[in-house]
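Data from run-v1.cif: mmCIF, C-alpha atoms
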```cif
data_run
loop_
_atom_site.label_atom_id
_atom_site.label_comp_id
_atom_site.auth_asym_id
_atom_site.auth_seq_id
_atom_site.Cartn_x
_atom_site.Cartn_y
_atom_site.Cartn_z
CA MET A 23 2.78 -77.29 13.19
CA ASP A 24 0.97 -77.85 9.86
CA SER A 25 1.73 -75.29 7.21
CA LYS A 26 0.46 -74.22 3.86
CA THR A 27 2.29 -72.63 0.97
CA VAL A 28 0.55 -69.62 -0.58
CA GLY A 29 1.64 -67.87 -3.75
CA PHE A 30 1.75 -64.07 -4.04
CA GLY A 31 2.74 -63.49 -7.67
CA SER A 32 6.12 -65.12 -8.13
CA VAL A 33 6.78 -65.33 -4.39
CA LEU A 34 5.91 -68.40 -2.30
CA VAL A 35 5.21 -67.84 1.38
CA THR A 36 4.76 -70.60 3.94
CA LEU A 37 2.17 -69.70 6.57
CA PRO A 38 0.89 -71.60 9.59
CA LEU A 39 -2.68 -72.84 9.32
CA ARG A 40 -3.31 -72.01 12.93
CA ALA A 41 -2.58 -68.39 13.58
CA LYS A 42 -2.75 -66.71 16.93
CA PRO A 43 -5.78 -64.51 17.55
CA LEU A 44 -3.58 -61.46 17.43
CA ALA A 45 -0.73 -61.96 14.99
CA PRO A 46 2.53 -60.18 15.57
CA GLN A 47 3.47 -57.38 13.22
CA GLY A 48 4.27 -58.65 9.74
CA GLU A 49 2.09 -61.81 9.81
CA ILE A 50 -1.08 -62.33 7.79
CA LEU A 51 -4.18 -63.66 9.47
CA LEU A 52 -5.89 -66.65 7.80
CA ALA A 53 -9.61 -66.77 8.38
CA PRO A 54 -11.59 -70.01 8.20
CA GLU A 55 -12.80 -71.08 4.78
CA GLY A 56 -15.93 -69.20 3.66
CA ALA A 57 -15.33 -66.22 5.92
CA GLU A 58 -14.52 -62.71 4.70
CA HIS A 59 -10.75 -62.20 4.39
CA ARG A 60 -9.25 -59.21 6.14
CA LEU A 61 -5.68 -58.17 5.34
CA THR A 62 -3.50 -55.66 7.08
CA ALA A 63 0.04 -54.57 6.56
CA LYS A 64 0.79 -54.02 10.23
CA GLY A 65 -1.38 -56.55 11.99
CA GLY A 66 -4.86 -56.03 13.45
CA ILE A 67 -8.10 -56.02 11.45
CA GLY A 68 -8.29 -54.46 7.93
CA MET A 69 -11.20 -53.42 5.69
CA THR A 70 -13.73 -55.75 4.11
CA ARG A 71 -14.23 -55.95 0.37
CA GLU A 72 -17.34 -53.77 0.65
CA GLU A 73 -15.44 -51.13 2.62
CA ARG A 74 -12.60 -51.13 0.11
CA GLU A 75 -15.05 -50.78 -2.77
CA LEU A 76 -16.82 -47.90 -1.01
CA ARG A 77 -13.49 -46.17 -0.38
CA ARG A 78 -12.53 -46.64 -4.02
CA GLN A 79 -15.81 -45.12 -5.21
CA GLN A 80 -15.36 -42.14 -2.88
CA ARG A 81 -11.88 -41.52 -4.23
CA GLU A 82 -13.15 -41.72 -7.79
CA ARG A 83 -15.93 -39.25 -7.08
CA GLN A 84 -13.48 -36.87 -5.42
CA ARG A 85 -11.16 -37.09 -8.41
CA GLU A 86 -14.08 -36.40 -10.75
CA VAL A 87 -15.10 -33.32 -8.74
CA GLU A 88 -11.52 -32.00 -8.70
CA LYS A 89 -11.16 -32.65 -12.42
CA ALA A 90 -14.43 -30.85 -13.16
CA ALA A 91 -13.30 -27.85 -11.06
CA ARG A 92 -9.96 -27.72 -12.88
CA GLU A 93 -11.65 -27.93 -16.25
CA ALA A 94 -14.15 -25.23 -15.31
CA ALA A 95 -11.36 -22.92 -14.11
CA ARG A 96 -9.74 -23.16 -17.56
CA GLY A 97 -12.62 -21.40 -19.28
CA PRO A 98 -12.14 -18.10 -21.10
CA LEU A 99 -12.29 -14.73 -19.36
CA ASP A 100 -15.40 -12.67 -19.99
CA VAL A 101 -14.13 -10.43 -22.79
CA PRO A 102 -16.84 -7.70 -22.56
CA PHE A 103 -16.23 -7.22 -18.84
CA LEU A 104 -12.46 -7.14 -19.38
CA LEU A 105 -12.66 -4.62 -22.23
CA LEU A 106 -15.02 -2.33 -20.33
CA THR A 107 -12.65 -2.36 -17.34
CA LEU A 108 -9.63 -1.54 -19.50
CA LEU A 109 -11.60 1.18 -21.33
CA LEU A 110 -12.58 2.89 -18.08
CA THR A 111 -9.01 2.64 -16.79
CA GLY A 112 -7.62 4.21 -19.97
CA ILE A 113 -10.15 7.05 -20.05
CA GLY A 114 -9.56 7.55 -16.34
CA LEU A 115 -5.82 8.08 -16.86
CA ILE A 116 -6.46 10.59 -19.65
CA MET A 117 -8.93 12.58 -17.59
CA LEU A 118 -6.71 12.41 -14.51
CA PHE A 119 -3.84 13.99 -16.45
CA SER A 120 -6.12 16.66 -17.87
CA ALA A 121 -7.56 17.49 -14.44
CA SER A 122 -4.36 17.29 -12.41
CA PHE A 123 -1.56 18.92 -14.40
CA PRO A 124 -2.08 22.47 -12.98
CA SER A 125 -1.98 21.34 -9.35
CA ALA A 126 0.81 18.85 -10.10
CA TYR A 127 2.93 21.60 -11.63
CA TYR A 128 2.15 23.94 -8.75
CA GLU A 129 3.00 21.36 -6.08
CA SER A 130 5.93 19.45 -7.60
CA GLY A 131 7.04 21.28 -10.74
CA ASN A 132 6.17 18.22 -12.85
CA PRO A 133 2.81 18.44 -14.68
CA ALA A 134 2.73 14.64 -15.11
CA TYR A 135 3.47 13.86 -11.45
CA TYR A 136 0.03 12.44 -10.63
CA LEU A 137 -0.30 10.71 -14.01
CA ILE A 138 3.01 8.84 -13.64
CA ARG A 139 2.18 7.58 -10.16
CA GLN A 140 -1.34 6.58 -11.18
CA ALA A 141 -0.08 4.83 -14.34
CA ILE A 142 2.36 2.73 -12.29
CA PHE A 143 -0.41 1.52 -10.01
CA ALA A 144 -2.69 0.99 -13.02
CA ALA A 145 -0.08 -1.32 -14.55
CA LEU A 146 0.28 -3.20 -11.26
CA GLY A 147 -3.51 -3.42 -10.91
CA ILE A 148 -4.03 -4.73 -14.45
CA THR A 149 -1.36 -7.36 -13.86
CA ALA A 150 -3.03 -8.37 -10.60
CA MET A 151 -6.42 -8.47 -12.36
CA LEU A 152 -5.16 -10.86 -15.05
CA VAL A 153 -3.36 -13.07 -12.52
CA ILE A 154 -6.33 -13.25 -10.14
CA GLY A 155 -8.62 -13.89 -13.08
CA ARG A 156 -6.68 -17.09 -13.76
CA ILE A 157 -7.06 -18.39 -10.20
CA ASN A 158 -9.89 -20.73 -9.26
CA TYR A 159 -12.08 -18.45 -7.14
CA GLU A 160 -12.77 -21.28 -4.67
CA ARG A 161 -9.28 -20.63 -3.32
CA PHE A 162 -10.44 -17.22 -2.09
CA ARG A 163 -12.41 -18.94 0.67
CA ALA A 164 -9.18 -19.72 2.51
CA VAL A 165 -8.18 -16.04 2.87
CA SER A 166 -11.61 -14.49 3.50
CA LEU A 167 -11.55 -14.61 7.31
CA LEU A 168 -7.89 -13.59 7.45
CA LEU A 169 -8.48 -10.56 5.21
CA LEU A 170 -11.50 -9.50 7.28
CA GLY A 171 -9.42 -9.70 10.46
CA ILE A 172 -6.58 -7.69 8.87
CA SER A 173 -9.03 -5.00 7.77
CA VAL A 174 -10.41 -4.63 11.31
CA VAL A 175 -6.87 -4.34 12.71
CA LEU A 176 -6.03 -1.66 10.12
CA LEU A 177 -9.19 0.27 10.98
CA VAL A 178 -8.04 0.28 14.61
CA LEU A 179 -4.49 1.32 13.70
CA VAL A 180 -5.64 4.26 11.60
CA LEU A 181 -7.16 5.83 14.74
CA ILE A 182 -3.77 5.89 16.48
CA PRO A 183 -2.04 9.30 16.20
CA GLY A 184 1.19 8.97 14.26
CA VAL A 185 -0.04 5.93 12.37
CA GLY A 186 -3.19 7.45 10.90
CA VAL A 187 -2.99 10.78 9.07
CA GLY A 188 -5.37 13.27 7.52
CA ARG A 189 -6.92 14.91 10.58
CA VAL A 190 -5.21 18.24 9.89
CA THR A 191 -5.32 18.30 6.07
CA HIS A 192 -8.71 16.71 5.46
CA GLY A 193 -10.47 16.89 8.81
CA ALA A 194 -10.63 13.08 9.06
CA GLN A 195 -8.05 10.46 10.00
CA ARG A 196 -8.72 8.01 7.15
CA TRP A 197 -5.22 7.18 5.88
CA ILE A 198 -2.39 5.07 7.25
CA ARG A 199 0.88 6.87 6.65
CA SER A 200 3.47 5.38 4.35
CA PHE A 201 6.08 3.06 5.84
CA GLY A 202 9.15 2.44 3.68
CA PRO A 203 8.01 1.01 0.33
CA ILE A 204 4.37 0.78 1.50
CA PRO A 205 2.49 3.86 0.22
CA GLN A 206 -0.16 5.76 2.13
CA PHE A 207 -3.56 4.07 1.84
CA GLN A 208 -7.07 3.96 3.27
CA PRO A 209 -7.88 0.85 5.37
CA SER A 210 -11.49 1.17 4.22
CA GLU A 211 -10.39 -0.06 0.76
CA VAL A 212 -9.12 -3.28 2.34
CA ALA A 213 -12.26 -3.54 4.49
CA LYS A 214 -14.48 -3.52 1.38
CA VAL A 215 -12.66 -6.54 -0.03
CA GLY A 216 -12.65 -8.30 3.33
CA VAL A 217 -16.40 -7.87 3.77
CA ILE A 218 -17.13 -9.09 0.22
CA LEU A 219 -14.96 -12.22 0.49
CA PHE A 220 -16.09 -13.19 4.00
CA PHE A 221 -19.78 -12.56 3.40
CA ALA A 222 -19.68 -14.51 0.12
CA ASP A 223 -17.91 -17.46 1.75
CA SER A 224 -20.13 -17.58 4.84
CA ILE A 225 -23.49 -16.88 3.19
CA SER A 226 -22.89 -19.44 0.43
CA LYS A 227 -22.64 -22.22 3.02
CA LYS A 228 -25.83 -21.45 4.94
CA LYS A 229 -28.58 -21.51 2.31
CA ASP A 230 -31.92 -21.89 4.18
CA LYS A 231 -30.33 -20.87 7.51
CA MET A 232 -30.08 -17.33 6.12
CA ARG A 233 -33.82 -16.96 6.78
CA THR A 234 -33.24 -17.14 10.54
CA PHE A 235 -32.19 -14.23 12.73
CA ARG A 236 -29.48 -16.26 14.46
CA TYR A 237 -27.62 -17.27 11.30
CA GLY A 238 -28.78 -14.75 8.69
CA ILE A 239 -28.77 -11.44 10.58
CA LEU A 240 -26.89 -11.57 13.89
CA PRO A 241 -23.32 -12.48 12.78
CA TYR A 242 -23.29 -10.17 9.76
CA GLY A 243 -24.95 -7.34 11.66
CA ALA A 244 -22.27 -7.64 14.34
CA ILE A 245 -19.46 -7.50 11.77
CA LEU A 246 -20.96 -4.50 10.00
CA GLY A 247 -21.55 -2.83 13.38
CA ILE A 248 -17.89 -3.18 14.42
CA ILE A 249 -16.56 -1.95 11.09
CA GLY A 250 -19.13 0.84 10.98
CA PHE A 251 -18.21 2.05 14.48
CA LEU A 252 -14.49 2.17 13.63
CA MET A 253 -15.16 4.08 10.41
CA TYR A 254 -17.46 6.50 12.22
CA LYS A 255 -14.60 7.32 14.60
CA GLU A 256 -12.33 8.38 11.70
CA PRO A 257 -14.87 9.77 10.58
CA HIS A 258 -15.54 8.30 7.12
CA LEU A 259 -19.27 8.57 6.49
CA SER A 260 -19.18 7.79 2.76
CA GLY A 261 -17.11 4.66 3.29
CA LEU A 262 -19.43 3.63 6.11
CA VAL A 263 -22.50 3.97 3.86
CA LEU A 264 -20.72 2.06 1.09
CA ILE A 265 -19.74 -0.93 3.24
CA LEU A 266 -23.16 -1.10 4.90
CA GLY A 267 -24.76 -1.05 1.45
CA ILE A 268 -22.51 -3.83 0.14
CA GLY A 269 -23.20 -6.00 3.18
CA ALA A 270 -26.96 -5.42 3.05
CA ILE A 271 -27.21 -6.27 -0.66
CA MET A 272 -25.18 -9.46 -0.21
CA MET A 273 -27.39 -10.54 2.71
CA PHE A 274 -30.49 -9.84 0.61
CA VAL A 275 -29.15 -11.88 -2.31
CA GLY A 276 -28.13 -14.59 0.18
CA GLY A 277 -31.76 -15.15 1.12
CA ILE A 278 -32.69 -13.28 4.30
CA ARG A 279 -36.41 -12.90 4.99
CA PRO A 280 -38.21 -9.92 3.39
CA ILE A 281 -39.21 -8.64 6.82
CA TRP A 282 -35.55 -8.04 7.65
CA VAL A 283 -35.08 -6.25 4.33
CA GLY A 284 -37.98 -3.94 5.19
CA ALA A 285 -36.59 -3.34 8.67
CA GLY A 286 -33.19 -2.47 7.21
CA LEU A 287 -34.69 -0.04 4.71
CA GLY A 288 -36.72 1.56 7.48
CA ALA A 289 -33.68 1.97 9.71
CA GLY A 290 -31.71 3.45 6.81
CA ALA A 291 -34.49 5.89 5.99
CA LEU A 292 -34.69 6.91 9.66
CA GLY A 293 -30.94 7.54 9.75
CA VAL A 294 -31.07 9.66 6.58
CA TRP A 295 -33.99 11.67 8.00
CA ALA A 296 -32.14 12.25 11.29
CA TYR A 297 -29.04 13.42 9.42
CA LEU A 298 -30.89 15.73 7.06
CA ALA A 299 -33.09 17.09 9.84
CA GLY A 300 -30.04 18.06 11.88
CA LYS A 301 -30.59 15.47 14.61
CA ILE A 302 -27.06 14.22 13.86
CA SER A 303 -24.70 17.18 14.15
CA TYR A 304 -21.86 15.64 12.10
CA ASN A 305 -20.96 18.11 9.27
CA SER A 306 -24.13 20.14 9.74
CA SER A 307 -22.64 22.92 7.59
CA ARG A 308 -22.67 20.56 4.61
CA ILE A 309 -26.39 20.01 5.11
CA ALA A 310 -26.93 23.76 5.04
CA ILE A 311 -25.00 24.22 1.80
CA TRP A 312 -26.69 21.18 0.26
CA ARG A 313 -30.08 22.70 0.90
CA ASP A 314 -29.02 26.07 -0.53
CA PRO A 315 -25.79 25.91 -2.56
CA LEU A 316 -26.14 29.60 -3.51
CA ASN A 317 -26.34 30.69 0.13
CA THR A 318 -24.67 34.09 0.54
CA ASP A 319 -23.50 33.44 4.10
CA PRO A 320 -19.81 34.51 4.00
CA GLU A 321 -18.73 31.60 6.21
CA LEU A 322 -20.43 29.05 3.96
CA MET A 323 -19.14 30.73 0.79
CA ARG A 324 -15.54 30.49 1.97
CA GLY A 325 -15.89 27.26 3.94
CA ALA A 326 -17.98 24.15 3.38
CA GLY A 327 -19.89 25.68 0.47
CA TYR A 328 -16.89 26.73 -1.61
CA GLN A 329 -16.12 23.33 -3.14
CA ILE A 330 -19.67 22.48 -4.21
CA ARG A 331 -20.11 25.98 -5.67
CA GLN A 332 -17.02 25.57 -7.82
CA SER A 333 -18.18 22.10 -8.83
CA LEU A 334 -21.54 23.40 -10.02
CA LEU A 335 -19.78 26.21 -11.90
CA ALA A 336 -17.61 23.64 -13.69
CA ILE A 337 -20.60 21.48 -14.62
CA GLY A 338 -22.58 24.47 -15.87
CA SER A 339 -19.63 25.81 -17.87
CA GLY A 340 -19.40 22.57 -19.85
CA GLY A 341 -22.82 22.87 -21.44
CA LEU A 342 -23.76 20.26 -24.03
CA LEU A 343 -20.41 19.62 -25.75
CA GLY A 344 -17.92 20.93 -23.19
CA VAL A 345 -15.08 23.45 -23.50
CA GLY A 346 -12.72 20.81 -24.89
CA LEU A 347 -10.32 18.23 -23.47
CA GLY A 348 -7.62 19.89 -21.40
CA ARG A 349 -9.26 23.34 -21.54
CA SER A 350 -11.02 23.41 -18.18
CA ARG A 351 -10.70 26.64 -16.21
CA GLN A 352 -11.91 25.39 -12.83
CA LYS A 353 -8.98 22.99 -12.49
CA PHE A 354 -6.55 25.92 -12.23
CA LEU A 355 -6.69 25.83 -8.44
CA TYR A 356 -10.32 27.01 -8.26
CA LEU A 357 -11.95 23.63 -7.59
CA PRO A 358 -10.46 21.74 -4.62
CA GLU A 359 -9.80 18.00 -5.13
CA GLU A 360 -10.26 18.44 -8.88
CA HIS A 361 -8.20 15.32 -9.61
CA ASN A 362 -9.71 13.28 -6.82
CA ASP A 363 -13.28 13.24 -5.49
CA PHE A 364 -14.46 16.01 -7.85
CA ILE A 365 -12.89 14.83 -11.09
CA PHE A 366 -16.36 14.22 -12.54
CA ALA A 367 -16.97 17.99 -12.46
CA ILE A 368 -13.91 18.47 -14.70
CA ILE A 369 -15.24 15.72 -16.99
CA CYS A 370 -18.50 17.61 -17.32
CA GLU A 371 -16.71 20.90 -17.97
CA GLU A 372 -14.37 19.57 -20.64
CA LEU A 373 -16.53 16.91 -22.33
CA GLY A 374 -19.96 18.41 -21.67
CA LEU A 375 -23.22 16.63 -21.03
CA ILE A 376 -22.69 14.26 -23.96
CA GLY A 377 -19.21 13.18 -22.87
CA ALA A 378 -20.26 12.74 -19.23
CA THR A 379 -23.29 10.71 -20.32
CA LEU A 380 -21.10 8.41 -22.43
CA ILE A 381 -18.83 7.74 -19.45
CA MET A 382 -21.83 7.01 -17.24
CA ALA A 383 -23.11 4.65 -19.96
CA ILE A 384 -19.82 2.73 -19.90
CA PHE A 385 -20.11 2.41 -16.12
CA ALA A 386 -23.69 1.18 -16.55
CA LEU A 387 -22.58 -1.46 -19.07
CA LEU A 388 -19.84 -2.65 -16.70
CA ILE A 389 -22.30 -2.90 -13.81
CA MET A 390 -24.90 -4.76 -15.89
CA ARG A 391 -22.25 -7.16 -17.16
CA GLY A 392 -21.08 -7.80 -13.61
CA TYR A 393 -24.59 -8.73 -12.49
CA TRP A 394 -25.00 -10.85 -15.64
CA ILE A 395 -21.91 -12.83 -14.61
CA ALA A 396 -23.37 -13.21 -11.11
CA ILE A 397 -26.62 -14.61 -12.53
CA HIS A 398 -24.74 -17.16 -14.65
CA ALA A 399 -22.15 -18.11 -12.01
CA ARG A 400 -21.49 -21.80 -11.36
CA ASP A 401 -22.42 -21.71 -7.67
CA ARG A 402 -23.62 -19.46 -4.84
CA PHE A 403 -20.12 -18.47 -3.79
CA GLY A 404 -19.23 -17.21 -7.25
CA ALA A 405 -22.55 -15.40 -7.61
CA LEU A 406 -22.11 -13.64 -4.26
CA LEU A 407 -18.54 -12.61 -5.13
CA ALA A 408 -19.69 -11.03 -8.39
CA VAL A 409 -22.65 -9.35 -6.69
CA GLY A 410 -20.45 -7.89 -3.96
CA VAL A 411 -17.81 -6.42 -6.28
CA THR A 412 -20.36 -5.11 -8.79
CA THR A 413 -22.48 -3.55 -6.04
CA GLN A 414 -19.42 -1.77 -4.69
CA VAL A 415 -18.73 -0.20 -8.09
CA ALA A 416 -22.40 0.71 -8.60
CA LEU A 417 -22.82 2.37 -5.20
CA GLN A 418 -19.51 4.20 -5.41
CA VAL A 419 -20.22 5.62 -8.87
CA PHE A 420 -23.71 6.71 -7.86
CA LEU A 421 -22.57 8.37 -4.61
CA ASN A 422 -19.67 10.19 -6.27
CA ILE A 423 -21.79 11.64 -9.08
CA ALA A 424 -24.56 12.48 -6.59
CA VAL A 425 -22.09 14.40 -4.41
CA VAL A 426 -20.49 16.27 -7.33
CA THR A 427 -23.90 17.36 -8.67
CA ASN A 428 -25.19 18.24 -5.15
CA LEU A 429 -27.86 15.56 -5.28
CA VAL A 430 -26.68 14.45 -1.81
CA PRO A 431 -24.54 16.28 0.78
CA ASN A 432 -20.81 16.24 0.25
CA THR A 433 -19.36 13.12 1.89
CA GLY A 434 -16.02 12.72 0.11
CA ILE A 435 -16.02 9.60 -2.04
CA SER A 436 -13.85 8.78 -5.04
CA LEU A 437 -14.92 7.86 -8.58
CA PRO A 438 -13.70 4.32 -9.48
CA PHE A 439 -10.94 4.18 -12.14
CA PHE A 440 -10.83 8.00 -12.41
CA SER A 441 -9.99 9.58 -9.05
CA TYR A 442 -6.36 9.82 -8.05
CA GLY A 443 -5.27 7.15 -5.59
CA GLY A 444 -2.82 4.43 -6.56
CA THR A 445 -3.63 1.79 -3.96
CA ALA A 446 -7.37 2.31 -4.42
CA LEU A 447 -7.04 1.84 -8.19
CA ALA A 448 -4.88 -1.28 -7.80
CA ILE A 449 -7.38 -2.82 -5.36
CA GLN A 450 -10.31 -1.97 -7.66
CA LEU A 451 -8.60 -3.68 -10.61
CA ALA A 452 -7.78 -6.70 -8.44
CA GLU A 453 -11.47 -6.92 -7.55
CA MET A 454 -12.30 -6.91 -11.25
CA GLY A 455 -10.01 -9.94 -11.47
CA VAL A 456 -12.22 -11.73 -8.93
CA VAL A 457 -15.24 -11.20 -11.20
CA LEU A 458 -13.23 -12.42 -14.20
CA SER A 459 -12.30 -15.53 -12.20
CA VAL A 460 -16.00 -16.19 -11.62
CA SER A 461 -16.71 -15.66 -15.31
CA ARG A 462 -14.26 -18.41 -16.30
CA GLN A 463 -16.39 -21.03 -14.57
CA MET A 464 -19.76 -20.04 -15.99
CA PRO A 465 -21.56 -23.08 -17.45
CA PRO A 466 -21.68 -23.07 -21.26
CA PRO A 467 -24.98 -21.80 -22.75
#
```

For this file, write the structure as structure tokens.
Amino acid sequence: MDSKTVGFGSVLVTLPLRAKPLAPQGEILLAPEGAEHRLTAKGGIGMTREERELRRQQRERQREVEKAAREAARGPLDVPFLLLTLLLTGIGLIMLFSASFPSAYYESGNPAYYLIRQAIFAALGITAMLVIGRINYERFRAVSLLLLGISVVLLVLVLIPGVGVGRVTHGAQRWIRSFGPIPQFQPSEVAKVGVILFFADSISKKKDKMRTFRYGILPYGAILGIIGFLMYKEPHLSGLVLILGIGAIMMFVGGIRPIWVGAGLGAGALGVWAYLAGKISYNSSRIAIWRDPLNTDPELMRGAGYQIRQSLLAIGSGGLLGVGLGRSRQKFLYLPEEHNDFIFAIICEELGLIGATLIMAIFALLIMRGYWIAIHARDRFGALLAVGVTTQVALQVFLNIAVVTNLVPNTGISLPFFSYGGTALAIQLAEMGVVLSVSRQMPPP
């Protein structure tokens, strides 16, 4: 058979001019002169020059996108947002110690008991915030669905007697008891993060589809309905309102039609009316004391009305300048939950109207900065993450202060960065890290 010698670099290979239609493995097919050459390492048909060039261009574009993402993720953290977060955490620890040392001494014999525990979780949370802030937030997409599923499972577990606790001490089974090194915590804190991550990931991919009922309302309404039902069974009304508010705001920012926004506001207003009008019997005594906090009914004075009365006494005692840091009288076992949900009343008593206003101003600056980061985010996913976390802080601060001042009925909700609760504080600081991660990829001005 005729043969031809072909050079491949410094190697000479002798190949037959007539190759079989299907060459055995290891041979190279020789096409007739003028035809497009196709090479393969293991026999068969390979790619044409055009296909190879297209593949090469695709790889180059992919490398450019990955390089741009890596470069963007190396940007600086948003310093104002970071400093405001650290400032609130520091002030929160000071006020927690001031508000809690009488009850801590009474319960454990150590006046700094609550401060030490909170400081440990604050250190862990700040570390988590800085670490998460250095992570490319696109990686959070991979854990969004998993975290949402875990939060639903935890909300089911908390309803199981022996796993969930709080029914006897607080009238609601909202906490999962501690297991070994895992401290007691509220599954609703995990659910907030799960909703924010999943909604941001899903909504950012749909764009114009968010204007349809099938893609923009139905799946998210179902998720919020399931979580809301589980939280209602605890019951945890304040957490339910908070998660529904976060979800609704993220759907609105994601682009749902205005008619659905109006329908949601109408349904919310109807629910509030039904609750305030007594159509919903849950905690009806709190509605009565909210309407008339100075009610002289002996049962209300000693029961549901006692806490809000003591809160209003603390706020009124503070006046303009306050009685002085550490000099509150209501914290000496008069005001229940003085280091937790009602710590803002102690702030008002000790720091006065001016001090409380300054703290609210710092919260306002943090919230505005969070929304500013959302507006300047690199993409929809980052913007929705920042909106979700910032909305959570905004709603929680508003509801807590509204409850403490009797603007709304008492629902039991903590003040971010101030109220005692180690796992809640650590999770809040980790969420601040998510916003800082988004801030690192903001386009330069």

key: Å distance separating atom CA of A:Arg462 from atom CA of A:Gly97, one decimal place   = 4.5 Å

ask   = What do you get, as number ranges by chain, if you spell out every residue that the PyMOL selection byres ((chain A and resi 426-437) around 9) selects here?
value = A: 258-261, 298, 308-313, 315, 326, 330, 333-334, 337, 362-367, 415, 418-425, 438-443

Could you produce a table of the residues of stretch 217-252 of chain A lying within 7 Å of stretch 394-413 of chain A, with the nearest pair of atoms per residue and their separation in Å rounded to one decimal, using all atoms listed in the file, ordered by chain and increasing residue number, as a Markdown table?
```
| residue | atom | partner | partner_atom | distance |
| --- | --- | --- | --- | --- |
| A:Ile218 | CA | A:Gly410 | CA | 5.5 |
| A:Leu219 | CA | A:Leu407 | CA | 6.7 |
| A:Ala222 | CA | A:Leu406 | CA | 5.1 |
| A:Asp223 | CA | A:Phe403 | CA | 6.0 |
| A:Ser226 | CA | A:Phe403 | CA | 5.1 |
```

Export of the given selection (C-alpha atoms) as a CSV table (one decimal), keeping the file's coordinate frame:
```
chain,number,residue,atom,x,y,z
A,218,ILE,CA,-17.1,-9.1,0.2
A,219,LEU,CA,-15.0,-12.2,0.5
A,222,ALA,CA,-19.7,-14.5,0.1
A,223,ASP,CA,-17.9,-17.5,1.8
A,226,SER,CA,-22.9,-19.4,0.4
```

remark   = Atom pair atom CA of A:Ala150 + atom CA of A:Ile268, distance 22.7 Å

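For the pair atom CA of A:Gln195 and atom CA of A:Leu169, the separation is 21.6 Å.
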
key: Residues in the PyMOL selection byres ((chain A and resi 270-281) around 7), expressed as a PyMOL selection string   = chain A and resi 225+232-233+238+266-269+282-285+406+409-410

Can those selected residues be exported to a file as a PDB file, in the coordinates of the input so that it contains C-alpha atoms?
```pdb
ATOM      1  CA  ILE A 225     -23.490 -16.880   3.190  1.00  0.00           C
ATOM      2  CA  MET A 232     -30.080 -17.330   6.120  1.00  0.00           C
ATOM      3  CA  ARG A 233     -33.820 -16.960   6.780  1.00  0.00           C
ATOM      4  CA  GLY A 238     -28.780 -14.750   8.690  1.00  0.00           C
ATOM      5  CA  LEU A 266     -23.160  -1.100   4.900  1.00  0.00           C
ATOM      6  CA  GLY A 267     -24.760  -1.050   1.450  1.00  0.00           C
ATOM      7  CA  ILE A 268     -22.510  -3.830   0.140  1.00  0.00           C
ATOM      8  CA  GLY A 269     -23.200  -6.000   3.180  1.00  0.00           C
ATOM      9  CA  TRP A 282     -35.550  -8.040   7.650  1.00  0.00           C
ATOM     10  CA  VAL A 283     -35.080  -6.250   4.330  1.00  0.00           C
ATOM     11  CA  GLY A 284     -37.980  -3.940   5.190  1.00  0.00           C
ATOM     12  CA  ALA A 285     -36.590  -3.340   8.670  1.00  0.00           C
ATOM     13  CA  LEU A 406     -22.110 -13.640  -4.260  1.00  0.00           C
ATOM     14  CA  VAL A 409     -22.650  -9.350  -6.690  1.00  0.00           C
ATOM     15  CA  GLY A 410     -20.450  -7.890  -3.960  1.00  0.00           C
TER      16      GLY A 410
END
```

Run the PyMOL selection byres ((chain A and resi 374-378) around 9) mentally over the shown coordinates, then write out the matched residues as a PDB file with C-alpha atoms, in the coordinates of the input, using the chain letters and numbers from the document.
```pdb
ATOM      1  CA  ILE A 337     -20.600  21.480 -14.620  1.00  0.00           C
ATOM      2  CA  GLY A 338     -22.580  24.470 -15.870  1.00  0.00           C
ATOM      3  CA  SER A 339     -19.630  25.810 -17.870  1.00  0.00           C
ATOM      4  CA  GLY A 340     -19.400  22.570 -19.850  1.00  0.00           C
ATOM      5  CA  GLY A 341     -22.820  22.870 -21.440  1.00  0.00           C
ATOM      6  CA  LEU A 342     -23.760  20.260 -24.030  1.00  0.00           C
ATOM      7  CA  LEU A 343     -20.410  19.620 -25.750  1.00  0.00           C
ATOM      8  CA  GLY A 344     -17.920  20.930 -23.190  1.00  0.00           C
ATOM      9  CA  VAL A 345     -15.080  23.450 -23.500  1.00  0.00           C
ATOM     10  CA  GLY A 346     -12.720  20.810 -24.890  1.00  0.00           C
ATOM     11  CA  PHE A 366     -16.360  14.220 -12.540  1.00  0.00           C
ATOM     12  CA  ILE A 369     -15.240  15.720 -16.990  1.00  0.00           C
ATOM     13  CA  CYS A 370     -18.500  17.610 -17.320  1.00  0.00           C
ATOM     14  CA  GLU A 371     -16.710  20.900 -17.970  1.00  0.00           C
ATOM     15  CA  GLU A 372     -14.370  19.570 -20.640  1.00  0.00           C
ATOM     16  CA  LEU A 373     -16.530  16.910 -22.330  1.00  0.00           C
ATOM     17  CA  THR A 379     -23.290  10.710 -20.320  1.00  0.00           C
ATOM     18  CA  LEU A 380     -21.100   8.410 -22.430  1.00  0.00           C
ATOM     19  CA  ILE A 381     -18.830   7.740 -19.450  1.00  0.00           C
ATOM     20  CA  MET A 382     -21.830   7.010 -17.240  1.00  0.00           C
ATOM     21  CA  ALA A 383     -23.110   4.650 -19.960  1.00  0.00           C
TER      22      ALA A 383
END
```

Residue nearest A:Gly184 among A:Ile157, A:Gly392, A:Leu118, A:Ile198 (counting all atoms listed in the file) = A:Ile198

message = Using all atoms listed in the file, which protein or nucleic acid residues come within 10 Å of A:Leu152? Drop anything in the same chain fewer than 2 positions from it, and give the result as a PyMOL selection string.
response = chain A and resi 99+104+147-150+154-157+451-452+454-456+458-459
